[in-house]
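To keep things clear, I will list the structure first and then write my remarks on it.
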Protein chains: 2
Amino acid sequence: MTQAPAAVPNDAAPRRRRKEARPQELTAAALSLFVEKGFAATRLDEIAARAGVSKGTLYLYFDSKEALFKAVIAEGVVPAIEEGEAMLERHADDPVTLLREFLYGWWARIGNTELGGIPKLMISEARNFPEVAAYYHETVIHRGLKLIRTVVQRGVEQGVFRPVSTELIGNVFMAPLLHLALWRHSFGSCCARDLDAERFLATWFDLLMHGLGVRDAEPPQ
Amino acid sequence: MTQAPAAVPNDAAPRRRRKEARPQELTAAALSLFVEKGFAATRLDEIAARAGVSKGTLYLYFDSKEALFKAVIAEGVVPAIEEGEAMLERHADDPVTLLREFLYGWWARIGNTELGGIPKLMISEARNFPEVAAYYHETVIHRGLKLIRTVVQRGVEQGVFRPVSTELIGNVFMAPLLHLALWRHSFGSCCARDLDAERFLATWFDLLMHGLGVRDAEPPQ
DNA sequence: TCTAAATTACTGACCAGTCAGTTATTAATC
DNA sequence: GATTAATAACTGACTGGTCAGTAATTTAGA
């Protein structure tokens with residue numbers, strides 16, 4: 001109850017000037033609200049309140065609601081894809097380890113964090129913001145799919161995987177991961193018991209490995 | 001240019017009294033617009049116009065925008081799940097055929113039709129309409145997952161499939177199908193060339209069959 | 001001519017975006 | 001170090017347009 005720089009603001013919090021921190025706090029608040037309620041149904045007053053500022057302040061940092069949306073995507077996406085590429089550097093030689101690391105790593109570092117809401121947001125709004133969708137497509141999707149395809153191709157060449165059509169293998173690989181993230185941010189919070197992420201990932205990894213002809217892949221760490 | 005009961009209405013179309021046909025025309029128009037733009041961003045005037053009536057008429061058949069949303073889901077979903085169950089009756093004995101029929105049948109009869117937009121709509125709006133989400137969950141998702149699980153379990157018991165954890169196999173099975181439908185209704189219409197559904201389904205079916213330990217499954221018809 | 005289907009014109013709540021004014025912080029001067 | 005001037009971050013009441021929902025009126029069809 002001191003003057004801690006509260007992310008969840010105190011009612012009695014004194015007004016503070018924090019130019020550096022504002023944009024990030026605003027995009028974080030906007031991401032969670034956009035994911036929860038959708039772009040159109042989210043009010044700017046609400047975003048500002050969650051970030052602990054007034055709506056006027058929001059307009060000091062972003063020109064419009066749409067500009068805020070673009071910033072949310074751009075900011076959430078750059079670290080995400082860099083994580084992915086860094087992950088690939090670490091185990092350049094072993095396709096099985098690479099796929100396992102990628103699968104569990106994606107969930108741990110993206111899917112199961114705040115960023116996990118971005119797929120839902122992008123799918124919901126892609127047709128309303130084609131320009132942002134195009135940016136997302138070339139910055140994240142295209143790059144990400146290429147990474148996975150490369151790993152699988154390498155595995156096939158090494159004889160670790162059976163010969164398999166690699167053109168769309170990235171899409172198939174990602175589908176269950178995205179499914180899990182989408183579930184978390186839609187039905188997950190409302191009905192039945194939530195999907196068990198651990199079991200789901202294990203089921204998928206097991207099926208995937210056998211599908212690629214690997215008989216003895218161990219589960220993760 | 002005659003007085004045909006136009007789905008895409010003629011500007012000069014005479015006013016007609018068609019009490020029977022209106023609700024279905026309105027829900028069809030609403031589904032396509034909700035999928036395209038989202039619930040909140042879709043205006044009732046627009047839905048009415050696409051159905052060839054005025055907004056006032058819409059209120060003769062639905063109490064509110066939310067009631068229309070519920071009707072869209074309920075109407076789209078009942079035939080869909082019945083299709084699915086009928087499909088299962090036809091090949092009760094052969095798990096491989098069942099899975100193939102289900103996979104390609106789902107795409108042909110649901111994913112690749114207007115109904116294919118419902119997953120996007122439900123994922124986008126589940127948290128805004130928890131009551132509808134719960135209805136959808138128990139009417140479609142729960143029932144559908146159970147069907148797939150049953151097929152796989154039967155296959156394992158018959159020794160056609162290798163022993164595999166069946167608890168979440170339905171979710172994994174559906175994930176790529178839903179991914180394809182979601183793609184069609186988001187990025188598909190904006191960037192790059194569209195995902196090739198035939199190749200995608202073939203890649204998935206091939207990986208799935210090998211994942212289940214079936215070595216000689218033929219591609220469809 | 002009577003009824004009910006359909007339209008048109010209207011209302012009021014809501015909300016993105018604005019701006020005149022307020023307050024925190026820094027800099028200058030004594 | 002204390003006082004004050006200057007600046008820039010921040011606020012919240014306001015506005016103009018939009019849109020869900022309503023009510024008055026018109027018209028199709030029996």
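Residues in the structure tokens are named by chain (A, B, ... in the order shown) and by number from 1 within that chain; ligands are numbered from 1 in the order shown.
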> So which residues touch range 88-102 of chain A within 8 Å, counting only C-alpha atoms (C1' of nucleotides), skipping near sequence neighbours fewer than 5 positions away, as a PyMOL selection string?
Replying inline: chain A and resi 147-148+151-152+154-155+160+205+217+220
Keeping only all heavy atoms, write the selected residues as a CSV table (one decimal), in the first residue's frame.
```csv
chain,number,residue,atom,x,y,z
A,147,LEU,N,10.7,-22.7,-40.2
A,147,LEU,CA,11.5,-23.3,-39.2
A,147,LEU,C,11.2,-24.8,-39.1
A,147,LEU,O,12.0,-25.7,-39.1
A,147,LEU,CB,11.4,-22.6,-37.9
A,147,LEU,CG,12.1,-21.3,-37.7
A,147,LEU,CD1,11.7,-20.6,-36.4
A,147,LEU,CD2,13.6,-21.6,-37.7
A,148,ILE,N,9.9,-25.0,-38.9
A,148,ILE,CA,9.5,-26.4,-38.6
A,148,ILE,C,9.7,-27.3,-39.8
A,148,ILE,O,10.2,-28.4,-39.7
A,148,ILE,CB,8.0,-26.5,-38.2
A,148,ILE,CG1,7.8,-25.6,-37.0
A,148,ILE,CG2,7.5,-27.9,-38.0
A,148,ILE,CD1,6.3,-25.2,-36.8
A,151,VAL,N,13.3,-28.3,-40.0
A,151,VAL,CA,13.7,-29.4,-39.1
A,151,VAL,C,13.2,-30.7,-39.6
A,151,VAL,O,14.0,-31.7,-39.6
A,151,VAL,CB,13.0,-29.1,-37.7
A,151,VAL,CG1,13.3,-30.3,-36.8
A,151,VAL,CG2,13.5,-27.8,-37.1
A,152,VAL,N,12.0,-30.8,-40.1
A,152,VAL,CA,11.4,-32.1,-40.5
A,152,VAL,C,12.2,-32.6,-41.8
A,152,VAL,O,12.6,-33.8,-41.9
A,152,VAL,CB,9.9,-32.0,-40.8
A,152,VAL,CG1,9.4,-33.3,-41.4
A,152,VAL,CG2,9.2,-31.7,-39.5
A,154,ARG,N,15.2,-31.9,-42.6
A,154,ARG,CA,16.5,-32.4,-42.1
A,154,ARG,C,16.4,-33.8,-41.5
A,154,ARG,O,17.2,-34.7,-41.8
A,154,ARG,CB,17.1,-31.5,-41.1
A,154,ARG,CG,18.6,-31.4,-41.0
A,154,ARG,CD,19.1,-30.4,-40.0
A,154,ARG,NE,18.8,-29.0,-40.3
A,154,ARG,CZ,18.9,-28.1,-39.4
A,154,ARG,NH1,19.2,-28.3,-38.1
A,154,ARG,NH2,18.6,-26.8,-39.7
A,155,GLY,N,15.3,-34.0,-40.7
A,155,GLY,CA,15.1,-35.3,-40.1
A,155,GLY,C,14.9,-36.4,-41.2
A,155,GLY,O,15.4,-37.5,-41.0
A,160,VAL,N,16.1,-40.1,-39.9
A,160,VAL,CA,15.5,-40.2,-38.6
A,160,VAL,C,14.0,-40.3,-38.7
A,160,VAL,O,13.3,-41.0,-37.9
A,160,VAL,CB,15.9,-39.0,-37.7
A,160,VAL,CG1,15.2,-39.1,-36.3
A,160,VAL,CG2,17.4,-38.9,-37.5
A,205,PHE,N,2.6,-35.2,-29.0
A,205,PHE,CA,4.0,-35.5,-29.3
A,205,PHE,C,4.1,-37.0,-29.6
A,205,PHE,O,4.9,-37.4,-30.5
A,205,PHE,CB,4.9,-35.1,-28.1
A,205,PHE,CG,6.3,-35.3,-28.3
A,205,PHE,CD1,7.0,-34.6,-29.3
A,205,PHE,CD2,7.0,-36.3,-27.6
A,205,PHE,CE1,8.3,-34.8,-29.5
A,205,PHE,CE2,8.4,-36.5,-27.9
A,205,PHE,CZ,9.0,-35.7,-28.8
A,217,ALA,N,11.0,-42.2,-29.1
A,217,ALA,CA,11.2,-40.8,-28.6
A,217,ALA,C,10.7,-40.8,-27.2
A,217,ALA,O,9.6,-41.2,-26.8
A,217,ALA,CB,10.4,-39.9,-29.5
A,220,PRO,N,9.4,-35.4,-22.6
A,220,PRO,CA,10.3,-34.3,-22.2
A,220,PRO,C,11.0,-34.5,-20.9
A,220,PRO,O,10.6,-35.4,-20.1
A,220,PRO,CB,9.4,-33.1,-22.3
A,220,PRO,CG,8.1,-33.6,-21.9
A,220,PRO,CD,8.0,-34.9,-22.5
```
> Could you list, as a PyMOL selection string, every residue of chain B that has an atom within 7 Å of an atom of chain C, counting only C-alpha atoms (C1' of nucleotides)?
Replying inline: chain B and resi 17+54+57
What does chain B look like once superposed on chain A, all Cα atoms paired in sequence order, least squares? Give it as a PDB file with C-alpha atoms, in the first residue's frame.
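This is the output file out.pdb:
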```
ATOM      1  CA  MET B   1      -0.576  -0.298  -0.615  1.00  0.00           C
ATOM      2  CA  THR B   2       2.444   1.957  -1.141  1.00  0.00           C
ATOM      3  CA  GLN B   3       3.100   3.928  -4.315  1.00  0.00           C
ATOM      4  CA  ALA B   4       4.381   0.796  -6.029  1.00  0.00           C
ATOM      5  CA  PRO B   5       4.151   1.131  -9.820  1.00  0.00           C
ATOM      6  CA  ALA B   6       1.004  -0.913  -9.777  1.00  0.00           C
ATOM      7  CA  ALA B   7       0.019  -2.981 -12.778  1.00  0.00           C
ATOM      8  CA  VAL B   8      -3.307  -3.312 -11.038  1.00  0.00           C
ATOM      9  CA  PRO B   9      -3.649   0.297  -9.969  1.00  0.00           C
ATOM     10  CA  ASN B  10      -4.539   1.428  -6.502  1.00  0.00           C
ATOM     11  CA  ASP B  11      -7.584   3.673  -6.268  1.00  0.00           C
ATOM     12  CA  ALA B  12      -5.675   6.085  -4.092  1.00  0.00           C
ATOM     13  CA  ALA B  13      -2.528   5.940  -6.213  1.00  0.00           C
ATOM     14  CA  PRO B  14      -1.020   9.376  -6.680  1.00  0.00           C
ATOM     15  CA  ARG B  15      -0.749  10.760 -10.140  1.00  0.00           C
ATOM     16  CA  ARG B  16       2.711   9.919 -11.478  1.00  0.00           C
ATOM     17  CA  ARG B  17       4.592  10.926 -14.593  1.00  0.00           C
ATOM     18  CA  ARG B  18       6.045   7.746 -16.092  1.00  0.00           C
ATOM     19  CA  LYS B  19       6.496   8.389 -19.766  1.00  0.00           C
ATOM     20  CA  GLU B  20       8.808   5.416 -20.281  1.00  0.00           C
ATOM     21  CA  ALA B  21       6.605   2.748 -18.761  1.00  0.00           C
ATOM     22  CA  ARG B  22       3.223   3.806 -20.131  1.00  0.00           C
ATOM     23  CA  PRO B  23       3.234   2.335 -23.643  1.00  0.00           C
ATOM     24  CA  GLN B  24       4.143  -1.128 -22.474  1.00  0.00           C
ATOM     25  CA  GLU B  25       1.592  -1.024 -19.660  1.00  0.00           C
ATOM     26  CA  LEU B  26      -1.079   0.120 -22.071  1.00  0.00           C
ATOM     27  CA  THR B  27      -0.372  -2.537 -24.684  1.00  0.00           C
ATOM     28  CA  ALA B  28      -0.331  -5.212 -21.984  1.00  0.00           C
ATOM     29  CA  ALA B  29      -3.710  -4.084 -20.691  1.00  0.00           C
ATOM     30  CA  ALA B  30      -5.048  -3.848 -24.235  1.00  0.00           C
ATOM     31  CA  LEU B  31      -3.839  -7.337 -25.143  1.00  0.00           C
ATOM     32  CA  SER B  32      -5.596  -8.998 -22.247  1.00  0.00           C
ATOM     33  CA  LEU B  33      -8.837  -7.114 -22.857  1.00  0.00           C
ATOM     34  CA  PHE B  34      -8.809  -7.580 -26.625  1.00  0.00           C
ATOM     35  CA  VAL B  35      -8.274 -11.298 -26.106  1.00  0.00           C
ATOM     36  CA  GLU B  36     -10.993 -11.502 -23.488  1.00  0.00           C
ATOM     37  CA  LYS B  37     -13.725  -9.479 -25.184  1.00  0.00           C
ATOM     38  CA  GLY B  38     -12.625  -8.832 -28.740  1.00  0.00           C
ATOM     39  CA  PHE B  39     -11.442  -5.587 -30.300  1.00  0.00           C
ATOM     40  CA  ALA B  40     -14.806  -3.948 -30.963  1.00  0.00           C
ATOM     41  CA  ALA B  41     -16.315  -4.802 -27.592  1.00  0.00           C
ATOM     42  CA  THR B  42     -13.371  -3.440 -25.604  1.00  0.00           C
ATOM     43  CA  ARG B  43     -13.691   0.181 -24.468  1.00  0.00           C
ATOM     44  CA  LEU B  44     -10.676   2.433 -24.322  1.00  0.00           C
ATOM     45  CA  ASP B  45     -11.714   3.668 -20.872  1.00  0.00           C
ATOM     46  CA  GLU B  46     -11.424   0.108 -19.679  1.00  0.00           C
ATOM     47  CA  ILE B  47      -7.946  -0.376 -21.126  1.00  0.00           C
ATOM     48  CA  ALA B  48      -6.764   2.878 -19.622  1.00  0.00           C
ATOM     49  CA  ALA B  49      -8.225   1.990 -16.232  1.00  0.00           C
ATOM     50  CA  ARG B  50      -6.516  -1.385 -16.216  1.00  0.00           C
ATOM     51  CA  ALA B  51      -3.221   0.317 -17.032  1.00  0.00           C
ATOM     52  CA  GLY B  52      -3.843   2.759 -14.194  1.00  0.00           C
ATOM     53  CA  VAL B  53      -4.280   5.894 -16.304  1.00  0.00           C
ATOM     54  CA  SER B  54      -7.103   7.858 -17.881  1.00  0.00           C
ATOM     55  CA  LYS B  55      -8.281   7.640 -21.464  1.00  0.00           C
ATOM     56  CA  GLY B  56      -6.710  10.973 -22.324  1.00  0.00           C
ATOM     57  CA  THR B  57      -3.298   9.590 -21.407  1.00  0.00           C
ATOM     58  CA  LEU B  58      -3.801   6.724 -23.795  1.00  0.00           C
ATOM     59  CA  TYR B  59      -4.052   9.252 -26.609  1.00  0.00           C
ATOM     60  CA  LEU B  60      -0.683  10.725 -25.634  1.00  0.00           C
ATOM     61  CA  TYR B  61       0.921   7.463 -26.719  1.00  0.00           C
ATOM     62  CA  PHE B  62      -1.340   6.057 -29.436  1.00  0.00           C
ATOM     63  CA  ASP B  63      -3.126   7.903 -32.222  1.00  0.00           C
ATOM     64  CA  SER B  64      -6.220   5.739 -32.308  1.00  0.00           C
ATOM     65  CA  LYS B  65      -7.737   2.495 -31.160  1.00  0.00           C
ATOM     66  CA  GLU B  66      -6.509   0.840 -34.335  1.00  0.00           C
ATOM     67  CA  ALA B  67      -2.964   2.123 -33.762  1.00  0.00           C
ATOM     68  CA  LEU B  68      -3.092   0.578 -30.308  1.00  0.00           C
ATOM     69  CA  PHE B  69      -4.174  -2.722 -31.826  1.00  0.00           C
ATOM     70  CA  LYS B  70      -1.246  -2.673 -34.234  1.00  0.00           C
ATOM     71  CA  ALA B  71       1.155  -1.901 -31.396  1.00  0.00           C
ATOM     72  CA  VAL B  72      -0.225  -4.790 -29.344  1.00  0.00           C
ATOM     73  CA  ILE B  73       0.451  -7.231 -32.159  1.00  0.00           C
ATOM     74  CA  ALA B  74       3.844  -5.833 -33.133  1.00  0.00           C
ATOM     75  CA  GLU B  75       5.087  -5.787 -29.559  1.00  0.00           C
ATOM     76  CA  GLY B  76       3.823  -9.239 -28.664  1.00  0.00           C
ATOM     77  CA  VAL B  77       5.169 -10.835 -31.764  1.00  0.00           C
ATOM     78  CA  VAL B  78       8.761  -9.724 -32.057  1.00  0.00           C
ATOM     79  CA  PRO B  79      10.041 -11.378 -28.877  1.00  0.00           C
ATOM     80  CA  ALA B  80       7.909 -14.432 -29.629  1.00  0.00           C
ATOM     81  CA  ILE B  81       9.483 -15.249 -32.956  1.00  0.00           C
ATOM     82  CA  GLU B  82      12.952 -14.447 -31.648  1.00  0.00           C
ATOM     83  CA  GLU B  83      12.390 -16.935 -28.853  1.00  0.00           C
ATOM     84  CA  GLY B  84      11.489 -19.475 -31.490  1.00  0.00           C
ATOM     85  CA  GLU B  85      14.576 -18.901 -33.575  1.00  0.00           C
ATOM     86  CA  ALA B  86      16.867 -18.928 -30.565  1.00  0.00           C
ATOM     87  CA  MET B  87      15.345 -22.260 -29.571  1.00  0.00           C
ATOM     88  CA  LEU B  88      16.302 -23.667 -32.951  1.00  0.00           C
ATOM     89  CA  GLU B  89      19.932 -22.638 -32.623  1.00  0.00           C
ATOM     90  CA  ARG B  90      20.431 -24.687 -29.506  1.00  0.00           C
ATOM     91  CA  HIS B  91      19.889 -28.171 -30.902  1.00  0.00           C
ATOM     92  CA  ALA B  92      20.811 -27.800 -34.541  1.00  0.00           C
ATOM     93  CA  ASP B  93      21.730 -31.444 -34.972  1.00  0.00           C
ATOM     94  CA  ASP B  94      18.966 -33.549 -33.475  1.00  0.00           C
ATOM     95  CA  PRO B  95      15.543 -33.329 -35.178  1.00  0.00           C
ATOM     96  CA  VAL B  96      13.699 -35.266 -32.489  1.00  0.00           C
ATOM     97  CA  THR B  97      15.030 -33.043 -29.718  1.00  0.00           C
ATOM     98  CA  LEU B  98      14.320 -29.994 -31.841  1.00  0.00           C
ATOM     99  CA  LEU B  99      10.687 -30.908 -32.326  1.00  0.00           C
ATOM    100  CA  ARG B 100      10.247 -31.777 -28.672  1.00  0.00           C
ATOM    101  CA  GLU B 101      11.906 -28.570 -27.534  1.00  0.00           C
ATOM    102  CA  PHE B 102       9.872 -26.577 -29.973  1.00  0.00           C
ATOM    103  CA  LEU B 103       6.595 -28.150 -28.966  1.00  0.00           C
ATOM    104  CA  TYR B 104       7.045 -27.878 -25.230  1.00  0.00           C
ATOM    105  CA  GLY B 105       9.003 -24.633 -25.495  1.00  0.00           C
ATOM    106  CA  TRP B 106       6.289 -22.948 -27.501  1.00  0.00           C
ATOM    107  CA  TRP B 107       3.725 -23.875 -24.934  1.00  0.00           C
ATOM    108  CA  ALA B 108       5.857 -22.825 -21.953  1.00  0.00           C
ATOM    109  CA  ARG B 109       7.103 -19.550 -23.400  1.00  0.00           C
ATOM    110  CA  ILE B 110       4.215 -18.445 -25.589  1.00  0.00           C
ATOM    111  CA  GLY B 111       1.052 -20.522 -25.478  1.00  0.00           C
ATOM    112  CA  ASN B 112       0.824 -20.651 -21.721  1.00  0.00           C
ATOM    113  CA  THR B 113       1.605 -16.947 -21.190  1.00  0.00           C
ATOM    114  CA  GLU B 114      -0.233 -13.730 -21.979  1.00  0.00           C
ATOM    115  CA  LEU B 115       1.079 -14.020 -25.533  1.00  0.00           C
ATOM    116  CA  GLY B 116      -1.006 -17.151 -25.952  1.00  0.00           C
ATOM    117  CA  GLY B 117      -3.994 -14.896 -26.546  1.00  0.00           C
ATOM    118  CA  ILE B 118      -2.559 -13.441 -29.730  1.00  0.00           C
ATOM    119  CA  PRO B 119      -3.651 -16.305 -31.995  1.00  0.00           C
ATOM    120  CA  LYS B 120      -7.248 -15.873 -30.861  1.00  0.00           C
ATOM    121  CA  LEU B 121      -7.011 -12.136 -31.354  1.00  0.00           C
ATOM    122  CA  MET B 122      -5.454 -12.400 -34.800  1.00  0.00           C
ATOM    123  CA  ILE B 123      -7.916 -15.029 -35.995  1.00  0.00           C
ATOM    124  CA  SER B 124     -10.836 -12.949 -34.758  1.00  0.00           C
ATOM    125  CA  GLU B 125      -9.648  -9.692 -36.269  1.00  0.00           C
ATOM    126  CA  ALA B 126      -7.632 -10.690 -39.345  1.00  0.00           C
ATOM    127  CA  ARG B 127     -10.418  -9.789 -41.752  1.00  0.00           C
ATOM    128  CA  ASN B 128     -11.079  -6.467 -40.031  1.00  0.00           C
ATOM    129  CA  PHE B 129      -7.398  -5.491 -40.152  1.00  0.00           C
ATOM    130  CA  PRO B 130      -5.930  -7.061 -43.271  1.00  0.00           C
ATOM    131  CA  GLU B 131      -2.848  -4.882 -43.054  1.00  0.00           C
ATOM    132  CA  VAL B 132      -2.010  -6.157 -39.557  1.00  0.00           C
ATOM    133  CA  ALA B 133      -2.854  -9.686 -40.657  1.00  0.00           C
ATOM    134  CA  ALA B 134      -0.379  -9.424 -43.519  1.00  0.00           C
ATOM    135  CA  TYR B 135       2.298  -8.133 -41.164  1.00  0.00           C
ATOM    136  CA  TYR B 136       1.638 -10.970 -38.737  1.00  0.00           C
ATOM    137  CA  HIS B 137       1.621 -13.503 -41.520  1.00  0.00           C
ATOM    138  CA  GLU B 138       5.019 -12.594 -42.871  1.00  0.00           C
ATOM    139  CA  THR B 139       6.623 -11.799 -39.518  1.00  0.00           C
ATOM    140  CA  VAL B 140       5.438 -14.794 -37.523  1.00  0.00           C
ATOM    141  CA  ILE B 141       3.523 -17.412 -39.429  1.00  0.00           C
ATOM    142  CA  HIS B 142       5.643 -17.642 -42.537  1.00  0.00           C
ATOM    143  CA  ARG B 143       8.889 -17.579 -40.568  1.00  0.00           C
ATOM    144  CA  GLY B 144       7.642 -20.072 -37.988  1.00  0.00           C
ATOM    145  CA  LEU B 145       6.347 -22.561 -40.521  1.00  0.00           C
ATOM    146  CA  LYS B 146       9.620 -22.427 -42.388  1.00  0.00           C
ATOM    147  CA  LEU B 147      11.537 -23.314 -39.227  1.00  0.00           C
ATOM    148  CA  ILE B 148       9.473 -26.418 -38.610  1.00  0.00           C
ATOM    149  CA  ARG B 149       9.612 -27.496 -42.222  1.00  0.00           C
ATOM    150  CA  THR B 150      13.377 -27.225 -42.161  1.00  0.00           C
ATOM    151  CA  VAL B 151      13.645 -29.396 -39.072  1.00  0.00           C
ATOM    152  CA  VAL B 152      11.414 -32.096 -40.539  1.00  0.00           C
ATOM    153  CA  GLN B 153      13.182 -32.036 -43.889  1.00  0.00           C
ATOM    154  CA  ARG B 154      16.507 -32.431 -42.126  1.00  0.00           C
ATOM    155  CA  GLY B 155      15.089 -35.345 -40.151  1.00  0.00           C
ATOM    156  CA  VAL B 156      13.887 -37.041 -43.313  1.00  0.00           C
ATOM    157  CA  GLU B 157      17.250 -36.563 -44.999  1.00  0.00           C
ATOM    158  CA  GLN B 158      19.043 -38.035 -41.994  1.00  0.00           C
ATOM    159  CA  GLY B 159      16.721 -41.013 -42.067  1.00  0.00           C
ATOM    160  CA  VAL B 160      15.468 -40.241 -38.562  1.00  0.00           C
ATOM    161  CA  PHE B 161      11.963 -39.590 -39.930  1.00  0.00           C
ATOM    162  CA  ARG B 162      10.216 -41.642 -42.573  1.00  0.00           C
ATOM    163  CA  PRO B 163       9.770 -39.900 -45.919  1.00  0.00           C
ATOM    164  CA  VAL B 164       6.832 -37.565 -45.460  1.00  0.00           C
ATOM    165  CA  SER B 165       5.337 -34.655 -47.387  1.00  0.00           C
ATOM    166  CA  THR B 166       6.934 -31.614 -45.741  1.00  0.00           C
ATOM    167  CA  GLU B 167       5.096 -28.844 -47.576  1.00  0.00           C
ATOM    168  CA  LEU B 168       2.344 -28.459 -44.980  1.00  0.00           C
ATOM    169  CA  ILE B 169       3.899 -30.290 -42.063  1.00  0.00           C
ATOM    170  CA  GLY B 170       4.436 -27.010 -40.216  1.00  0.00           C
ATOM    171  CA  ASN B 171       0.747 -26.206 -40.302  1.00  0.00           C
ATOM    172  CA  VAL B 172      -0.142 -29.681 -39.050  1.00  0.00           C
ATOM    173  CA  PHE B 173       2.493 -29.448 -36.326  1.00  0.00           C
ATOM    174  CA  MET B 174       1.212 -26.119 -35.060  1.00  0.00           C
ATOM    175  CA  ALA B 175      -2.510 -26.910 -35.271  1.00  0.00           C
ATOM    176  CA  PRO B 176      -2.791 -28.761 -31.937  1.00  0.00           C
ATOM    177  CA  LEU B 177      -0.636 -26.169 -30.166  1.00  0.00           C
ATOM    178  CA  LEU B 178      -2.798 -23.343 -31.435  1.00  0.00           C
ATOM    179  CA  HIS B 179      -5.870 -25.382 -30.593  1.00  0.00           C
ATOM    180  CA  LEU B 180      -4.729 -25.585 -26.982  1.00  0.00           C
ATOM    181  CA  ALA B 181      -4.068 -21.838 -26.783  1.00  0.00           C
ATOM    182  CA  LEU B 182      -7.392 -21.009 -28.440  1.00  0.00           C
ATOM    183  CA  TRP B 183      -9.205 -23.324 -26.075  1.00  0.00           C
ATOM    184  CA  ARG B 184      -7.625 -21.676 -23.057  1.00  0.00           C
ATOM    185  CA  HIS B 185      -8.914 -18.311 -24.177  1.00  0.00           C
ATOM    186  CA  SER B 186     -12.410 -19.372 -25.208  1.00  0.00           C
ATOM    187  CA  PHE B 187     -14.163 -22.403 -23.757  1.00  0.00           C
ATOM    188  CA  GLY B 188     -11.423 -23.042 -21.232  1.00  0.00           C
ATOM    189  CA  SER B 189     -12.602 -20.298 -18.945  1.00  0.00           C
ATOM    190  CA  CYS B 190     -16.256 -21.171 -19.123  1.00  0.00           C
ATOM    191  CA  CYS B 191     -17.288 -24.782 -19.399  1.00  0.00           C
ATOM    192  CA  ALA B 192     -16.333 -28.151 -18.084  1.00  0.00           C
ATOM    193  CA  ARG B 193     -12.913 -28.733 -16.653  1.00  0.00           C
ATOM    194  CA  ASP B 194     -10.127 -27.210 -18.657  1.00  0.00           C
ATOM    195  CA  LEU B 195      -8.121 -29.182 -21.191  1.00  0.00           C
ATOM    196  CA  ASP B 196      -5.157 -30.774 -19.444  1.00  0.00           C
ATOM    197  CA  ALA B 197      -2.233 -29.175 -21.261  1.00  0.00           C
ATOM    198  CA  GLU B 198       0.374 -31.703 -20.126  1.00  0.00           C
ATOM    199  CA  ARG B 199      -1.635 -34.701 -21.235  1.00  0.00           C
ATOM    200  CA  PHE B 200      -2.690 -33.013 -24.437  1.00  0.00           C
ATOM    201  CA  LEU B 201       0.894 -32.162 -25.397  1.00  0.00           C
ATOM    202  CA  ALA B 202       2.048 -35.644 -24.483  1.00  0.00           C
ATOM    203  CA  THR B 203      -0.677 -37.217 -26.628  1.00  0.00           C
ATOM    204  CA  TRP B 204       0.223 -35.007 -29.545  1.00  0.00           C
ATOM    205  CA  PHE B 205       3.968 -35.517 -29.248  1.00  0.00           C
ATOM    206  CA  ASP B 206       3.512 -39.269 -29.048  1.00  0.00           C
ATOM    207  CA  LEU B 207       1.216 -39.358 -32.084  1.00  0.00           C
ATOM    208  CA  LEU B 208       3.500 -37.030 -34.024  1.00  0.00           C
ATOM    209  CA  MET B 209       6.624 -39.044 -33.364  1.00  0.00           C
ATOM    210  CA  HIS B 210       4.986 -42.303 -34.370  1.00  0.00           C
ATOM    211  CA  GLY B 211       3.519 -40.504 -37.370  1.00  0.00           C
ATOM    212  CA  LEU B 212       7.038 -39.527 -38.396  1.00  0.00           C
ATOM    213  CA  GLY B 213       8.202 -43.077 -37.909  1.00  0.00           C
ATOM    214  CA  VAL B 214      10.158 -42.556 -34.664  1.00  0.00           C
ATOM    215  CA  ARG B 215       9.487 -45.434 -32.314  1.00  0.00           C
ATOM    216  CA  ASP B 216      11.512 -44.610 -29.244  1.00  0.00           C
ATOM    217  CA  ALA B 217      11.160 -40.865 -28.634  1.00  0.00           C
ATOM    218  CA  GLU B 218      11.195 -40.102 -24.922  1.00  0.00           C
ATOM    219  CA  PRO B 219       8.783 -37.647 -23.334  1.00  0.00           C
ATOM    220  CA  PRO B 220      10.325 -34.333 -22.226  1.00  0.00           C
ATOM    221  CA  GLN B 221      12.746 -33.607 -19.338  1.00  0.00           C
TER     222      GLN B 221
END
```
Using only C-alpha atoms (C1' of nucleotides), tabulate the residues of chain D lying at most 12 Å from any atom of chain A, each with its closest atom pair and that distance in Å to one decimal, by chain and increasing residue number, as JSON lines.
```
{"residue": "D:DA8", "atom": "C1'", "partner": "A:Arg17", "partner_atom": "CA", "distance": 9.3}
{"residue": "D:DA9", "atom": "C1'", "partner": "A:Arg17", "partner_atom": "CA", "distance": 5.6}
{"residue": "D:DC10", "atom": "C1'", "partner": "A:Thr57", "partner_atom": "CA", "distance": 6.0}
{"residue": "D:DT11", "atom": "C1'", "partner": "A:Ser54", "partner_atom": "CA", "distance": 6.4}
{"residue": "D:DG12", "atom": "C1'", "partner": "A:Ser54", "partner_atom": "CA", "distance": 7.8}
{"residue": "D:DA13", "atom": "C1'", "partner": "A:Gly56", "partner_atom": "CA", "distance": 11.3}
```
>> Please extract the residues of chain A with a backbone DSSP assignment of alpha helix (DSSP H) and present them as JSON, numbers by chain.
In response: {"A": [22, 23, 24, 25, 26, 27, 28, 29, 30, 31, 32, 33, 34, 35, 36, 37, 44, 45, 46, 47, 48, 49, 50, 55, 56, 57, 58, 59, 60, 61, 65, 66, 67, 68, 69, 70, 71, 72, 73, 74, 75, 76, 77, 78, 79, 80, 81, 82, 83, 84, 85, 86, 87, 88, 89, 90, 95, 96, 97, 98, 99, 100, 101, 102, 103, 104, 105, 106, 118, 119, 120, 121, 122, 123, 124, 125, 130, 131, 132, 133, 134, 135, 136, 142, 143, 144, 145, 146, 147, 148, 149, 150, 151, 152, 153, 154, 155, 156, 157, 169, 170, 171, 172, 173, 174, 175, 176, 177, 178, 179, 180, 181, 182, 183, 184, 197, 198, 199, 200, 201, 202, 203, 204, 205, 206, 207, 208, 209, 210, 211]}
